[in-house]
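K.L.:
Structure file work-v7.cif (mmCIF, C-alpha atoms) is given on the next line.
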```cif
data_input
loop_
_atom_site.label_atom_id
_atom_site.label_comp_id
_atom_site.auth_asym_id
_atom_site.auth_seq_id
_atom_site.Cartn_x
_atom_site.Cartn_y
_atom_site.Cartn_z
CA MET G 1 -3.86 35.13 -83.12
CA THR G 2 -6.74 35.05 -80.65
CA LYS G 3 -6.04 37.07 -77.54
CA PRO G 4 -5.97 34.77 -74.47
CA GLN G 5 -8.80 35.02 -72.00
CA HIS G 6 -8.01 37.29 -69.07
CA HIS G 7 -9.20 36.83 -65.47
CA GLU G 8 -8.66 38.96 -62.41
CA ILE G 9 -8.04 35.89 -60.20
CA VAL G 10 -6.87 32.44 -61.33
CA VAL G 11 -6.37 29.45 -59.01
CA ILE G 12 -4.10 26.64 -60.25
CA GLY G 13 -5.09 23.36 -58.61
CA ALA G 14 -8.56 21.98 -57.93
CA GLY G 15 -7.79 19.87 -54.89
CA ILE G 16 -9.20 20.59 -51.44
CA CYS G 17 -6.94 23.63 -50.94
CA GLY G 18 -7.45 25.33 -54.31
CA ALA G 19 -11.18 24.61 -54.19
CA THR G 20 -11.52 26.04 -50.68
CA ILE G 21 -9.63 29.21 -51.60
CA ALA G 22 -11.78 29.62 -54.73
CA ASP G 23 -14.94 29.08 -52.69
CA GLU G 24 -13.91 31.72 -50.17
CA LEU G 25 -13.26 34.25 -52.92
CA LEU G 26 -16.59 33.43 -54.57
CA GLU G 27 -18.32 33.99 -51.24
CA ARG G 28 -16.68 37.43 -51.17
CA GLY G 29 -18.26 38.22 -54.55
CA LYS G 30 -15.09 37.82 -56.64
CA ALA G 31 -15.00 36.09 -60.03
CA VAL G 32 -12.55 33.17 -60.05
CA CYS G 33 -11.10 30.91 -62.74
CA ILE G 34 -9.83 27.54 -61.48
CA ILE G 35 -7.61 25.41 -63.71
CA ASP G 36 -6.45 21.81 -63.33
CA ALA G 37 -4.73 19.14 -65.42
CA ALA G 38 -7.30 16.55 -64.39
CA PRO G 39 -10.77 16.14 -65.95
CA SER G 40 -12.53 17.00 -62.67
CA PRO G 41 -11.87 18.22 -59.10
CA ALA G 42 -10.17 16.20 -56.36
CA SER G 43 -8.21 13.86 -58.61
CA ALA G 44 -5.11 13.30 -56.46
CA CYS G 45 -4.73 13.34 -52.64
CA SER G 46 -8.03 15.19 -52.38
CA SER G 47 -9.86 12.09 -53.60
CA HIS G 48 -9.19 10.83 -50.06
CA ALA G 49 -12.43 9.97 -48.25
CA TYR G 50 -10.95 9.26 -44.82
CA ALA G 51 -9.06 12.37 -43.66
CA ILE G 52 -9.14 13.19 -39.95
CA ALA G 53 -9.12 16.60 -38.30
CA HIS G 54 -8.16 17.60 -34.77
CA PRO G 55 -5.95 20.21 -33.12
CA HIS G 56 -2.38 19.09 -32.55
CA ILE G 57 -1.66 18.58 -28.84
CA GLY G 58 1.87 17.19 -28.83
CA LYS G 59 5.00 18.82 -27.46
CA GLY G 60 6.22 20.09 -30.79
CA SER G 61 6.70 23.57 -32.21
CA PRO G 62 4.62 26.16 -30.29
CA ARG G 63 3.67 27.78 -33.57
CA LEU G 64 2.44 24.47 -34.98
CA LEU G 65 0.32 23.93 -31.87
CA ARG G 66 -1.21 27.40 -32.09
CA LEU G 67 -1.77 27.14 -35.82
CA THR G 68 -3.55 23.79 -35.73
CA ARG G 69 -5.98 25.05 -33.08
CA ILE G 70 -6.89 28.06 -35.23
CA ALA G 71 -7.07 25.96 -38.39
CA PHE G 72 -9.23 23.34 -36.69
CA LEU G 73 -11.79 25.95 -35.63
CA LEU G 74 -11.90 27.34 -39.16
CA ALA G 75 -12.26 23.86 -40.68
CA GLU G 76 -15.00 22.89 -38.24
CA SER G 77 -16.95 26.02 -39.14
CA ARG G 78 -16.40 25.73 -42.89
CA TRP G 79 -17.34 22.08 -43.32
CA CYS G 80 -19.97 21.71 -40.61
CA SER G 81 -22.50 20.26 -43.09
CA VAL G 82 -20.20 17.35 -44.02
CA TRP G 83 -18.23 17.15 -40.74
CA ASN G 84 -18.29 13.59 -39.38
CA GLN G 85 -17.78 14.32 -35.68
CA HIS G 86 -17.08 11.01 -33.96
CA GLY G 87 -14.38 12.22 -31.55
CA ILE G 88 -10.72 11.25 -31.57
CA PHE G 89 -8.71 9.74 -28.74
CA GLN G 90 -4.96 10.33 -28.43
CA PRO G 91 -3.40 7.74 -26.10
CA THR G 92 -0.57 8.51 -23.71
CA LYS G 93 2.80 7.49 -25.12
CA LYS G 94 3.74 3.99 -24.01
CA ASP G 95 6.96 5.18 -22.34
CA LYS G 96 5.29 7.98 -20.37
CA ALA G 97 3.12 7.79 -17.25
CA PHE G 98 -0.19 9.64 -17.32
CA ASN G 99 -0.16 12.84 -15.28
CA ARG G 100 -3.57 14.52 -15.23
CA THR G 101 -2.40 17.85 -13.82
CA GLU G 102 0.48 18.15 -16.24
CA THR G 103 -1.73 17.19 -19.19
CA ALA G 104 -4.50 19.60 -18.16
CA ASP G 105 -1.99 22.44 -17.79
CA HIS G 106 -0.58 21.70 -21.23
CA LEU G 107 -4.04 21.72 -22.83
CA SER G 108 -4.85 24.97 -21.07
CA SER G 109 -1.65 26.53 -22.41
CA LEU G 110 -2.90 25.68 -25.90
CA GLU G 111 -6.23 27.41 -25.17
CA LEU G 112 -8.10 24.13 -25.54
CA ASP G 113 -11.09 24.05 -23.22
CA GLU G 114 -12.91 20.87 -22.19
CA SER G 115 -15.19 21.04 -25.21
CA MET G 116 -12.08 20.49 -27.35
CA ALA G 117 -9.68 18.40 -25.24
CA LEU G 118 -10.05 16.48 -21.98
CA PRO G 119 -7.44 14.36 -20.12
CA LEU G 120 -8.72 10.88 -19.23
CA ASP G 121 -7.23 8.09 -17.16
CA ALA G 122 -7.68 4.51 -18.39
CA ASP G 123 -10.95 3.93 -16.50
CA GLU G 124 -12.44 7.21 -17.72
CA ALA G 125 -11.33 6.50 -21.27
CA ARG G 126 -13.05 3.11 -21.12
CA GLN G 127 -16.31 4.77 -20.10
CA VAL G 128 -16.11 7.71 -22.50
CA CYS G 129 -14.74 6.10 -25.63
CA GLY G 130 -14.36 2.40 -24.95
CA ILE G 131 -10.55 2.38 -24.87
CA SER G 132 -8.67 1.17 -21.78
CA GLN G 133 -5.74 3.56 -22.07
CA SER G 134 -5.03 6.94 -20.57
CA GLY G 135 -4.77 9.89 -22.91
CA VAL G 136 -6.59 12.93 -24.24
CA TRP G 137 -10.15 12.83 -25.56
CA LEU G 138 -10.86 15.25 -28.40
CA PRO G 139 -14.68 15.18 -28.57
CA ARG G 140 -14.87 17.51 -31.57
CA GLY G 141 -12.35 15.50 -33.58
CA ALA G 142 -13.81 14.43 -36.89
CA SER G 143 -13.22 12.95 -40.29
CA LEU G 144 -13.98 14.47 -43.65
CA ASN G 145 -14.49 13.11 -47.14
CA LEU G 146 -12.14 15.39 -49.08
CA PHE G 147 -13.61 14.38 -52.43
CA ASP G 148 -17.11 15.43 -51.39
CA ALA G 149 -15.91 18.63 -49.71
CA THR G 150 -13.85 19.63 -52.77
CA ASN G 151 -16.71 19.06 -55.18
CA GLN G 152 -19.10 20.91 -52.90
CA ALA G 153 -16.77 23.93 -52.88
CA LEU G 154 -16.69 23.96 -56.68
CA LYS G 155 -20.41 23.56 -57.28
CA ASN G 156 -21.88 25.64 -60.09
CA HIS G 157 -21.53 29.34 -59.43
CA PRO G 158 -22.16 32.25 -61.81
CA LEU G 159 -18.77 33.78 -60.96
CA LEU G 160 -16.78 30.53 -61.35
CA THR G 161 -14.97 29.49 -64.53
CA SER G 162 -13.45 25.99 -64.54
CA LEU G 163 -10.83 24.75 -67.01
CA TRP G 164 -10.23 20.98 -66.91
CA ASN G 165 -7.68 18.80 -68.72
CA THR G 166 -5.42 21.84 -68.86
CA ARG G 167 -1.88 21.56 -67.53
CA VAL G 168 0.07 24.71 -66.78
CA THR G 169 3.79 24.18 -67.34
CA ARG G 170 5.25 27.64 -66.93
CA LEU G 171 4.49 31.22 -65.96
CA GLU G 172 5.61 34.55 -67.30
CA ASN G 173 5.05 38.13 -66.19
CA ARG G 174 4.23 40.76 -68.80
CA ASN G 175 3.31 44.28 -67.83
CA ASP G 176 2.19 43.26 -64.33
CA GLN G 177 0.02 40.43 -65.63
CA TRP G 178 0.74 36.72 -65.23
CA PHE G 179 0.55 34.56 -68.35
CA LEU G 180 0.02 30.80 -68.07
CA PHE G 181 1.52 28.48 -70.71
CA ASN G 182 0.78 24.86 -71.59
CA GLU G 183 3.19 22.08 -72.60
CA LYS G 184 3.14 23.36 -76.21
CA ASN G 185 4.35 26.73 -74.96
CA GLU G 186 1.00 28.27 -75.88
CA VAL G 187 -0.61 30.92 -73.71
CA ILE G 188 -3.66 29.49 -71.96
CA LEU G 189 -4.85 32.66 -70.24
CA SER G 190 -3.64 35.62 -68.21
CA ALA G 191 -4.41 36.88 -64.73
CA ASP G 192 -3.88 39.86 -62.48
CA LYS G 193 -3.56 37.65 -59.41
CA LEU G 194 -2.55 34.01 -59.37
CA VAL G 195 -2.99 31.48 -56.57
CA ILE G 196 -0.81 28.36 -56.90
CA ALA G 197 -2.31 25.44 -54.96
CA ALA G 198 -0.84 22.58 -56.97
CA ALA G 199 0.98 20.48 -54.34
CA MET G 200 4.28 19.14 -55.77
CA GLU G 201 3.57 20.67 -59.17
CA SER G 202 3.95 24.06 -57.50
CA LYS G 203 7.70 23.43 -57.45
CA ALA G 204 8.07 23.32 -61.24
CA LEU G 205 5.75 26.28 -61.77
CA LEU G 206 7.74 28.44 -59.37
CA SER G 207 10.98 27.27 -60.92
CA SER G 208 9.75 28.69 -64.24
CA ILE G 209 9.86 32.17 -62.68
CA GLY G 210 13.22 31.69 -61.00
CA ILE G 211 12.11 30.57 -57.56
CA ARG G 212 13.15 27.31 -55.91
CA VAL G 213 11.23 25.96 -52.95
CA PRO G 214 12.18 22.98 -50.73
CA LEU G 215 9.20 20.71 -51.43
CA LYS G 216 9.39 16.95 -51.09
CA PRO G 217 6.87 14.19 -51.94
CA VAL G 218 5.80 11.73 -49.27
CA ARG G 219 3.89 8.60 -50.27
CA GLY G 220 1.17 7.42 -47.90
CA GLN G 221 -0.87 4.23 -48.05
CA LEU G 222 -4.04 3.91 -45.99
CA SER G 223 -5.37 0.37 -45.49
CA ILE G 224 -9.01 -0.68 -45.51
CA PHE G 225 -9.33 -3.89 -43.52
CA SER G 226 -12.17 -6.39 -43.22
CA ILE G 227 -12.61 -8.31 -39.94
CA LYS G 228 -14.90 -11.33 -39.63
CA GLN G 229 -17.58 -10.95 -36.95
CA ASN G 230 -16.27 -13.91 -34.92
CA ASP G 231 -12.62 -12.82 -35.00
CA PRO G 232 -10.97 -11.83 -31.66
CA TRP G 233 -10.12 -8.46 -33.22
CA VAL G 234 -13.79 -7.47 -32.99
CA GLU G 235 -13.53 -6.96 -29.23
CA LYS G 236 -10.76 -4.42 -29.78
CA LEU G 237 -12.23 -2.42 -32.65
CA PRO G 238 -12.77 1.24 -31.68
CA SER G 239 -16.02 3.19 -31.92
CA VAL G 240 -14.07 6.48 -32.10
CA GLY G 241 -11.07 7.69 -34.06
CA ILE G 242 -7.59 7.18 -32.61
CA SER G 243 -4.53 9.29 -33.36
CA GLY G 244 -1.15 8.15 -32.13
CA ASP G 245 1.55 6.29 -34.04
CA GLY G 246 -0.70 6.25 -37.05
CA TYR G 247 -4.43 6.80 -36.95
CA CYS G 248 -7.65 4.93 -37.47
CA LEU G 249 -11.32 5.72 -37.92
CA PRO G 250 -14.18 4.12 -35.98
CA ALA G 251 -14.85 0.58 -37.16
CA GLU G 252 -18.11 0.06 -39.05
CA GLN G 253 -20.20 -3.10 -39.09
CA MET G 254 -21.25 -4.10 -42.57
CA PRO G 255 -24.58 -5.68 -43.63
CA ASP G 256 -23.01 -9.15 -43.72
CA GLY G 257 -21.90 -8.83 -40.08
CA SER G 258 -18.22 -8.25 -40.81
CA TYR G 259 -16.44 -5.02 -39.88
CA ARG G 260 -14.63 -2.47 -42.01
CA TRP G 261 -11.75 -0.59 -40.39
CA ILE G 262 -9.60 2.19 -41.89
CA VAL G 263 -6.00 2.29 -40.58
CA GLY G 264 -2.99 4.25 -41.76
CA SER G 265 -0.84 5.48 -42.96
CA THR G 266 2.70 4.96 -44.17
CA PHE G 267 5.07 7.91 -44.50
CA ASP G 268 7.40 7.04 -47.36
CA GLU G 269 9.61 10.10 -47.66
CA GLY G 270 10.79 11.10 -51.11
CA GLU G 271 8.54 8.60 -52.92
CA ASP G 272 5.76 9.33 -55.39
CA ASP G 273 4.76 5.81 -56.47
CA LEU G 274 0.96 5.43 -56.42
CA SER G 275 0.89 1.65 -56.73
CA SER G 276 -0.42 -0.43 -53.82
CA ARG G 277 2.10 -2.30 -51.68
CA GLU G 278 1.54 -5.34 -49.51
CA ALA G 279 4.44 -4.14 -47.32
CA SER G 280 2.44 -0.98 -46.58
CA ASP G 281 -0.57 -3.05 -45.48
CA GLU G 282 1.73 -5.06 -43.21
CA PHE G 283 3.08 -1.84 -41.73
CA ASN G 284 -0.47 -0.65 -41.06
CA ARG G 285 -1.40 -3.97 -39.44
CA GLU G 286 1.41 -3.41 -36.96
CA GLN G 287 0.24 0.15 -36.37
CA ALA G 288 -3.29 -1.15 -35.77
CA LYS G 289 -2.04 -3.33 -32.91
CA GLY G 290 -0.40 -0.34 -31.29
CA LEU G 291 -3.38 1.97 -31.73
CA VAL G 292 -5.75 -0.31 -29.81
CA ASP G 293 -3.07 -1.75 -27.49
CA TYR G 294 -3.52 -5.29 -28.80
CA PRO G 295 0.03 -6.62 -29.28
CA GLN G 296 -1.19 -10.22 -29.50
CA GLY G 297 -3.56 -9.45 -32.35
CA LYS G 298 -2.99 -11.74 -35.31
CA PRO G 299 -2.22 -9.85 -38.52
CA GLU G 300 -4.21 -12.33 -40.61
CA GLY G 301 -7.36 -11.22 -38.78
CA LEU G 302 -7.09 -7.90 -40.63
CA GLN G 303 -7.93 -8.95 -44.17
CA ARG G 304 -7.15 -6.55 -47.00
CA LEU G 305 -10.33 -5.03 -48.42
CA GLY G 306 -8.83 -2.04 -50.21
CA GLU G 307 -6.50 0.90 -49.85
CA PHE G 308 -5.95 4.55 -50.64
CA VAL G 309 -2.55 5.72 -51.85
CA GLY G 310 -1.77 9.41 -52.01
CA ILE G 311 1.30 11.61 -52.45
CA ARG G 312 1.57 14.33 -49.83
CA CYS G 313 3.76 17.38 -50.25
CA VAL G 314 5.89 18.69 -47.39
CA ALA G 315 8.35 21.52 -46.78
CA GLY G 316 11.57 21.22 -44.83
CA ASP G 317 10.16 22.59 -41.58
CA ARG G 318 6.88 20.62 -41.81
CA LEU G 319 4.75 23.77 -41.84
CA PRO G 320 2.71 24.64 -44.93
CA MET G 321 3.69 27.43 -47.30
CA ILE G 322 0.72 29.79 -47.35
CA GLY G 323 0.69 33.41 -48.35
CA ALA G 324 1.75 36.10 -50.79
CA LEU G 325 4.94 35.56 -52.73
CA THR G 326 6.11 39.09 -52.02
CA GLN G 327 9.12 38.79 -54.32
CA ARG G 328 6.76 38.10 -57.25
CA PRO G 329 3.81 40.50 -56.81
CA GLY G 330 0.47 39.03 -57.75
CA ILE G 331 1.35 35.41 -56.88
CA TYR G 332 0.04 33.62 -53.78
CA LEU G 333 1.14 30.17 -52.71
CA ALA G 334 -0.67 27.39 -50.82
CA THR G 335 1.28 24.13 -50.77
CA ALA G 336 3.18 21.72 -48.49
CA LEU G 337 0.00 20.77 -46.62
CA GLY G 338 1.44 17.39 -45.61
CA SER G 339 -1.04 15.23 -43.70
CA ARG G 340 -3.19 18.13 -42.51
CA GLY G 341 -4.91 19.21 -45.70
CA VAL G 342 -8.27 19.57 -43.95
CA LEU G 343 -6.88 22.09 -41.49
CA TRP G 344 -4.45 24.01 -43.67
CA SER G 345 -6.96 24.42 -46.51
CA ALA G 346 -9.43 26.17 -44.22
CA LEU G 347 -6.70 28.48 -42.93
CA ALA G 348 -5.32 29.13 -46.42
CA ALA G 349 -8.75 30.18 -47.68
CA LYS G 350 -9.00 32.94 -45.06
CA LEU G 351 -5.38 34.09 -45.18
CA ILE G 352 -4.93 34.16 -48.95
CA SER G 353 -8.34 35.71 -49.60
CA ALA G 354 -7.49 38.53 -47.19
CA GLN G 355 -4.19 39.09 -48.99
CA VAL G 356 -5.67 38.87 -52.49
CA LEU G 357 -8.40 41.35 -51.57
CA ASP G 358 -6.02 43.63 -49.64
CA GLU G 359 -8.02 43.20 -46.45
CA ASP G 360 -6.75 43.14 -42.90
CA LEU G 361 -6.68 39.94 -40.86
CA ALA G 362 -9.36 40.98 -38.37
CA LEU G 363 -11.31 37.72 -38.70
CA LEU G 364 -8.24 35.56 -38.18
CA ALA G 365 -7.09 37.80 -35.34
CA ARG G 366 -10.25 36.88 -33.44
CA PHE G 367 -9.06 33.28 -33.52
CA GLY G 368 -5.62 34.26 -32.19
CA PHE G 369 -3.87 34.53 -35.54
CA ALA G 370 -0.95 36.92 -35.00
CA ALA G 371 1.83 38.44 -37.11
CA ASP G 372 4.36 35.80 -36.07
CA LEU G 373 2.05 33.08 -37.42
CA VAL G 374 1.72 34.88 -40.75
CA ALA G 375 5.52 34.90 -40.91
CA ALA G 376 5.72 31.22 -39.91
CA LEU G 377 3.61 30.26 -42.93
CA ALA G 378 5.00 32.81 -45.40
CA PRO G 379 6.88 31.34 -48.38
CA ALA G 380 9.54 34.02 -47.85
CA ARG G 381 10.83 32.15 -44.78
CA PHE G 382 12.80 29.91 -47.15
CA PHE G 383 14.33 32.69 -49.21
CA ALA G 384 17.25 33.74 -47.01
CA GLY G 385 19.11 35.44 -49.82
CA ALA G 386 18.62 32.53 -52.18
CA LEU G 387 15.62 33.80 -54.16
CA ALA G 388 16.18 33.14 -57.84
CA ALA G 389 19.76 32.06 -57.15
CA PRO G 390 21.29 30.20 -60.09
CA ALA G 391 21.06 26.42 -59.72
CA ALA G 392 24.83 26.23 -60.00
CA LEU G 393 25.13 27.91 -56.61
CA GLY G 394 23.89 24.73 -54.96
CA ALA G 395 21.45 24.16 -52.13
CA LEU G 396 18.61 26.52 -51.37
CA ALA G 397 19.24 28.68 -48.33
CA SER G 398 16.69 28.46 -45.57
CA ASN G 399 16.14 29.81 -42.10
CA SER G 400 14.38 26.59 -41.10
CA LYS G 401 16.05 23.33 -40.23
CA PRO G 402 14.46 20.34 -42.02
CA VAL G 403 12.97 17.82 -39.62
CA LEU G 404 11.74 15.21 -42.09
CA PRO G 405 11.58 11.75 -40.53
CA SER G 406 14.10 9.24 -41.78
CA ALA G 407 11.83 6.23 -41.36
CA PRO G 408 8.17 5.47 -42.05
CA ASN G 409 5.90 7.25 -39.62
CA THR G 410 2.41 8.68 -39.75
CA ARG G 411 0.98 11.99 -38.72
#
```
Re-express the file's structure as structure tokens.

P.N.:
Amino acid sequence: MTKPQHHEIVVIGAGICGATIADELLERGKAVCIIDAAPSPASACSSHAYAIAHPHIGKGSPRLLRLTRIAFLLAESRWCSVWNQHGIFQPTKKDKAFNRTETADHLSSLELDESMALPLDADEARQVCGISQSGVWLPRGASLNLFDATNQALKNHPLLTSLWNTRVTRLENRNDQWFLFNEKNEVILSADKLVIAAAMESKALLSSIGIRVPLKPVRGQLSIFSIKQNDPWVEKLPSVGISGDGYCLPAEQMPDGSYRWIVGSTFDEGEDDLSSREASDEFNREQAKGLVDYPQGKPEGLQRLGEFVGIRCVAGDRLPMIGALTQRPGIYLATALGSRGVLWSALAAKLISAQVLDEDLALLARFGFAADLVAALAPARFFAGALAAPAALGALASNSKPVLPSAPNTR
């Protein structure tokens, strides 16, 4: 029998996260093997061409707020060559009056200076970004073509080995090496260190080594609308991105005079159906009216031009799972990126590379990354005595309360 090929570092998953981690390791001079069941990179959610990126400025978890600021700065730096910086406006919630002092104090508490976030009243917002609503202007907010960014990260490199059309179905540890098996129970290769960045497929791989993680699929459909140049909607189409209940990109005028507008997306918890749904387009038409404050807008003015359907992966506490799997030495996990793959991939590349290479976190520390944030992302946060517990014992123990939405929503 031919001895399987051995690599020091193997990355399972060639989406935006796996590709970014591999690219970071290659930049550090390490040889990397990346393996994926698809015939090429960015075959699933990372084929998404319309992802947005901005720091989170809501009133949610303080750790989430701190983490998204750090991750945004890392993403902005990493993808500057393909960063489509058009700015993003986040309107004030409809049921809340705009308070400039309160908003400015909140932004300051998040360490967001005016180059990153600026409170605007309705008149200022009209002048700055053409939207007659109060809110927060994020001038460095951007969008990113994940397909292009993923392929750029995996461009030809002398230290990169790529295995396509190769599905890993289980793992096994032998003498401190990790062996990867295919669906025929044949060994594909072995590795000293293994990074699992395979979205929902991470769940089955970890199960094969006795670890259960609380991952859940969430279907999302993004709608691509066409608007005729003489339609009343044209006066409301934004020239910047908007993030609120849903999100949209700036509208683009096409050569024939019509406009193309990207609006989304649905948040269909527990679903993994990739087929297009007219109901999802209708949902996004309603979101579009709210995003530009145009309740009288006629849905038929937003004509279906296309869509993108992707399956996101989330954990119970809505934070990603990034870091060393300390209970299984040599394995590192990067999954549950949810709707923030652009941000979390950039952060995962730095954090996991530092752990794989046994380095300190000095670079991340300069961005404000502290020990409590490492712990907030660590997979071990879900293993409160339940690691490798027999399935018969029931639900997985966790120190985090799930906060998954019970109805369609977008973030």

K.L.:
Taking the file above as input, evaluate the PyMOL selection byres ((chain G and resi 372) around 12) and report the hits as a PyMOL selection string.

P.N.:
chain G and resi 62-64+66-67+365+368-371+373-378+381

K.L.:
Using only C-alpha atoms, can you tell me which of G:Ala42, G:Ile70, G:Val168, G:Leu118 comes closest to Asp105 (chain G)?

P.N.:
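Using only C-alpha atoms, the shortest distance to Asp105 (chain G) belongs to G:Leu118.
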
K.L.:
Pull out every residue that the PyMOL selection byres ((chain G and resi 315) around 8) matches in the shown coordinates and put them as a VMD selection string.

P.N.:
chain G and resid 214 to 216 313 to 314 316 to 321 336 402

K.L.:
When you draw a straight line from CA of Ser143 (chain G) to CA of Ile224 (chain G), how long is it in Å?

P.N.:
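According to the coordinates, CA of Ser143 (chain G) and CA of Ile224 (chain G) are separated by 15.2 Å.
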
K.L.:
Fewer than 2 positions away in the same chain doesn't count, so skip those; otherwise give me all residues within 12 Å of Thr326 (chain G), counting only C-alpha atoms, as a PDB file with C-alpha atoms, in the frame of the given file.

P.N.:
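Written out: around.pdb:
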```
ATOM      1  CA  ILE G 211      12.110  30.570 -57.560  1.00  0.00           C
ATOM      2  CA  ILE G 322       0.720  29.790 -47.350  1.00  0.00           C
ATOM      3  CA  GLY G 323       0.690  33.410 -48.350  1.00  0.00           C
ATOM      4  CA  ALA G 324       1.750  36.100 -50.790  1.00  0.00           C
ATOM      5  CA  ARG G 328       6.760  38.100 -57.250  1.00  0.00           C
ATOM      6  CA  PRO G 329       3.810  40.500 -56.810  1.00  0.00           C
ATOM      7  CA  GLY G 330       0.470  39.030 -57.750  1.00  0.00           C
ATOM      8  CA  ILE G 331       1.350  35.410 -56.880  1.00  0.00           C
ATOM      9  CA  TYR G 332       0.040  33.620 -53.780  1.00  0.00           C
ATOM     10  CA  LEU G 333       1.140  30.170 -52.710  1.00  0.00           C
ATOM     11  CA  GLN G 355      -4.190  39.090 -48.990  1.00  0.00           C
ATOM     12  CA  VAL G 356      -5.670  38.870 -52.490  1.00  0.00           C
ATOM     13  CA  ALA G 375       5.520  34.900 -40.910  1.00  0.00           C
ATOM     14  CA  ALA G 378       5.000  32.810 -45.400  1.00  0.00           C
ATOM     15  CA  PRO G 379       6.880  31.340 -48.380  1.00  0.00           C
ATOM     16  CA  ALA G 380       9.540  34.020 -47.850  1.00  0.00           C
ATOM     17  CA  ARG G 381      10.830  32.150 -44.780  1.00  0.00           C
ATOM     18  CA  PHE G 383      14.330  32.690 -49.210  1.00  0.00           C
ATOM     19  CA  LEU G 387      15.620  33.800 -54.160  1.00  0.00           C
TER      20      LEU G 387
END
```

K.L.:
From the list G:Leu159, G:Glu286, G:Val128, G:Gln5, which residue is nearest Arg28 (chain G) when using all atoms listed in the file?

P.N.:
G:Leu159

K.L.:
Measuring between all atoms listed in the file, which one of G:Leu144, G:Ile188, G:Leu205, G:Ala288 shows the shortest distance to Arg170 (chain G)?

P.N.:
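Smallest separation from Arg170 (chain G) among the options: G:Leu205.
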
K.L.:
Rounded to one decimal, what separation in Å do you get between CA of Asn230 (chain G) and CA of Glu278 (chain G)?

P.N.:
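CA of Glu278 (chain G) lies 24.6 Å from CA of Asn230 (chain G).
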